[in-house]
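Colleague: Below you will find the structure I want to go over with you.
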Amino acid sequence: MIVSIIGRPNVGKSTLFNRISGERISIVSNISGTTRDRISINTNWNDKNFILVDTGGIDNKSKNKFQFSITEQVLIAVKDSDKLIFMVDGKEGLNPLDYEVVDLIRKNEKNAIVAINKMDLPNNNKTFEFQRLGNFDYIEISAYHNRGITELLDKVLDNETTVNNPVNDEIKLSIVGHPNVGKSTIFNVITNSQRSIVSDIPGTTRDSIDTNISYQKKTIKFIDTAGLRKRGQIEKGIEKYSTIRTLKSLENSDVSLLILSAEKLITSQDLHISGFIKDLFRPCVIVLNKIDLIDTEILQNIKKEIKDKFKHIPDVPIIFTSAINKKNIDKIIPIAIDVYNNSIKKISQKELNECFLNAISKKQPDSKGNKRAEIHSIKQYKIGPPGFKLESTNYDSIHFSYKRYLENCIRKSFDFSGCPIHLKFVKKVQ
C-alpha cells in the first residue's frame with residue numbers, strides 16, 4: 001500500500017512524514033518549497049506495512065523555476081498512491097491553493113483524508129471552515145507536537161488487513177535488480193517476447209511492464225521493473241518515478257526475482273535492493289545471471305558467498321543462469337512456483353504444536369531482570385507469506401536472538417525456503 005502526503009507548500013508535509021517514519025529523512029524548513037523531490041520509506045503501523053511518500057508543495061501560480069517539475073512529481077505520486085493524506089494549514093486557514101489540490105484528487109478519483117495541521121489545541125471552527133473543500137474525512141493534527149497522529153493513521157489504514165490469502169491461479173513475479181544486470185533479457189527469454197527494450201545502457205526500463213504467460217494451468221504474471229539504485233544515487237526526475245513504481249511492483253508481487261550479475265557479483269546496490277525485499281516482506285528467489293562471463297571454477301565459491309551476504313533473507317533459492325545462452329532459464333518459473341507454494345502453506349495445529357513444544361523444551365527464553373517470559377501457545381494466523389502468533393507473558397522481554405531461534409526451528413520442521421516468516425508475540429489471553 002502506498003500513502004502519499006500532498007498539499008500546498010509549507011503546510012507541514014515533511015514534518016508529518018518525519019513524525020510517522022520516526023526518522024529525519026525530509027529536510028524540514030519554514031522556507032516554502034524546501035521539498036523538491038518525492039521521498040519514500042517503507043514503514044509500519046499496528047502490524048500494517050505501507051510505503052509513505054513525501055511530496056513537494058502544489059502551487060501552479062508560483063514563479064519558482066522548479067515548480068513544473070515538482071507538480072509533475074506530485075501528479076505521479078497521486079496516480080501511484082492507494083490513499084492520500086491531504087494536508088492543510090489550520091493556523092492560517094483555508095487557502096485558494098488548497099482547491100488546486102482538491103482538483104488533483106478529484107481528477108484522479110483518489111481516496112483522501114484531510115489532515116488539518118498546526119492544531120495544537122482543538123478548534124472546531126477551523127474544521128468547519130475546511131469542510132468547504134468537499135466530502136472528505138477531516139482530522140485535526142499537530143505534526144510537530146505529535147497530536148492526532150494515531151487517529152490519522154488509524155483512519156488512513158482503516159479496512160487494511162495484514163491477513164493475505166492469495167490462493168488463486170495467478171502468480172505475480174516481479175523482476176528486480178540494479179541497472180544493467182540483464183533483467184529485461186531474462187524477462188524476454190522467459191516470456192518469449194520483445195515487449196521490454198534490451199539495451200546495454202543502464203536505466204533503459206523506466207516503467208513496470210506486465211506480461212502474462214501460461215504455465216501448467218497457472219497464469220504467471222511477470223512484472224519487469226526499472227533498475228533500483230541506492231537512495232542517494234537516484235537521479236531527479238523520471239528515475240525517481242521509476243523507483244516508487246518498482247517498490248509498488250515489489251509490494252504487489254507474490255515472489256520477487258532478485259537478479260545479480262556474475263560479472264560484478266554482490267554489490268552494495270544488490271544488498272540495498274534485497275533490503276527493500278526484506279522490508280516489504282516478499283518471498284524471493286536469487287538469480288545469478290551472466291555466468292557465461294566467468295570461469296566455472298569460480299562458480300563453486302559463489303553460492304556460499306551469496307548465502308553469507310544475504311543472511312537477512314534466509315533459505316533463499318539461488319539459480320545460476322545465462323540469459324544470452326538461455327542456460328537454466330527454464331528453472332526460474334518452477335522454483336518461483338515452489339517458493340510461492342511455500343508462502344501459502346498452512347501447517348496443521350498438531351504439527352505446529354509438536355514443533356513448538358520441541359523447541360521450548362530444548363531452550364527457554366532468557367529472563368530479563370525479575371521478568372521471565374513464558375510462551376504458552378503458537379498458531380498460524382496468516383499465509384502469503386506465513387505468519388505465526390505466539391501467546392506469551394512478558395513477551396516484550398524476549399530477546400531477538402530467541403525469536404530467531406524459534407524461526408530457525410520452524411524452518412527446520414517445515415519447508416519455507418524463499419519465504420520470510422513473521423512471528424507475532426501477543427499477550428496471553430486470561
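Chains: A, B, ... in order of the C-alpha cells. Residues: from 1 per chain. Ligands: from 1, in order shown.
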So that I can check the surroundings of Asn95 of chain A, please list as a list of chain:residue names every protein, DNA and RNA residue that reaches within 9 Å of it, counting only C-alpha atoms and ignoring chain neighbours fewer than 5 positions away.

Modeller: A:Arg8, A:Val88, A:Asp89

Colleague: Residues as selected, C-alpha atoms, written as a compact mmCIF listing (two decimals), in the first residue's frame, can you do that?

Modeller:
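And here is the file that came out, part-v7.txt:
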# COMPACT_ATOMS: atom_id res chain seq x y z
CA ARG A 8 0.27 23.27 -0.97
CA VAL A 88 -3.86 21.94 5.12
CA ASP A 89 -2.72 24.70 7.50

Colleague: Need the shell around segment 344-351 of chain A: protein/DNA/RNA residues with any atom at most 7 Å away, counting only C-alpha atoms. Skip same-chain ones fewer than 6 positions apart. Format as a ChimeraX atom specification?

Modeller: /A:167,379,383-386

Colleague: With only C-alpha atoms as the counted atoms, please give the residues lying no more than 12 Å from Asp158 of chain A, apart from itself and same-chain residues fewer than 5 positions off, as a PyMOL selection string.

Modeller: chain A and resi 45-46+48+83+111+113+150-153

Colleague: Those same residues - C-alpha atoms - I'd like them written as a PDB file, in the first residue's frame.

Modeller:
ATOM      1  CA  TRP A  45       1.660   0.889  11.865  1.00  0.00           C
ATOM      2  CA  ASN A  46      -0.123  -1.714  14.027  1.00  0.00           C
ATOM      3  CA  LYS A  48       0.327  -2.973   8.729  1.00  0.00           C
ATOM      4  CA  LYS A  83      -4.542   6.614  -0.344  1.00  0.00           C
ATOM      5  CA  ASN A 111      -9.386   8.420  -1.615  1.00  0.00           C
ATOM      6  CA  ILE A 113      -8.179  12.227   4.204  1.00  0.00           C
ATOM      7  CA  THR A 150      -2.620   7.930  15.944  1.00  0.00           C
ATOM      8  CA  GLU A 151      -6.147   8.842  14.862  1.00  0.00           C
ATOM      9  CA  LEU A 152      -4.897   9.862  11.417  1.00  0.00           C
ATOM     10  CA  LEU A 153      -3.040   6.602  10.784  1.00  0.00           C
TER      11      LEU A 153
END

Colleague: Counting only C-alpha atoms, which residue out of A:Ile259, A:Ile277, A:Leu390, A:Val181 sits closest to Ala373 of chain A?

Modeller: A:Leu390

Colleague: Using only C-alpha atoms, which protein or nucleic acid residues come within 12 Å of Asp103 of chain A? Drop anything in the same chain fewer than 3 positions from it, and give the result as a PyMOL selection string.

Modeller: chain A and resi 7+58+75+78+86+96-100+106-110+112+133-134

Colleague: Between atom CA of Ala262 of chain A and atom CA of Asn328 of chain A, what is the distance, to one decimal in Å?

Modeller: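 So the two atoms, atom CA of Ala262 of chain A and atom CA of Asn328 of chain A, lie 14.3 Å apart.
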
Colleague: Of the residues A:Asn188, A:Ser377, A:Ser413, A:Ser21, which is the one nearest to Asn353 of chain A, using only C-alpha atoms?

Modeller: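 The closest residue to Asn353 of chain A is A:Ser377.
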
Colleague: When you draw a straight line from atom CA of Ile70 of chain A to atom CA of Thr55 of chain A, how long is it in Å?

Modeller: 7.9 Å
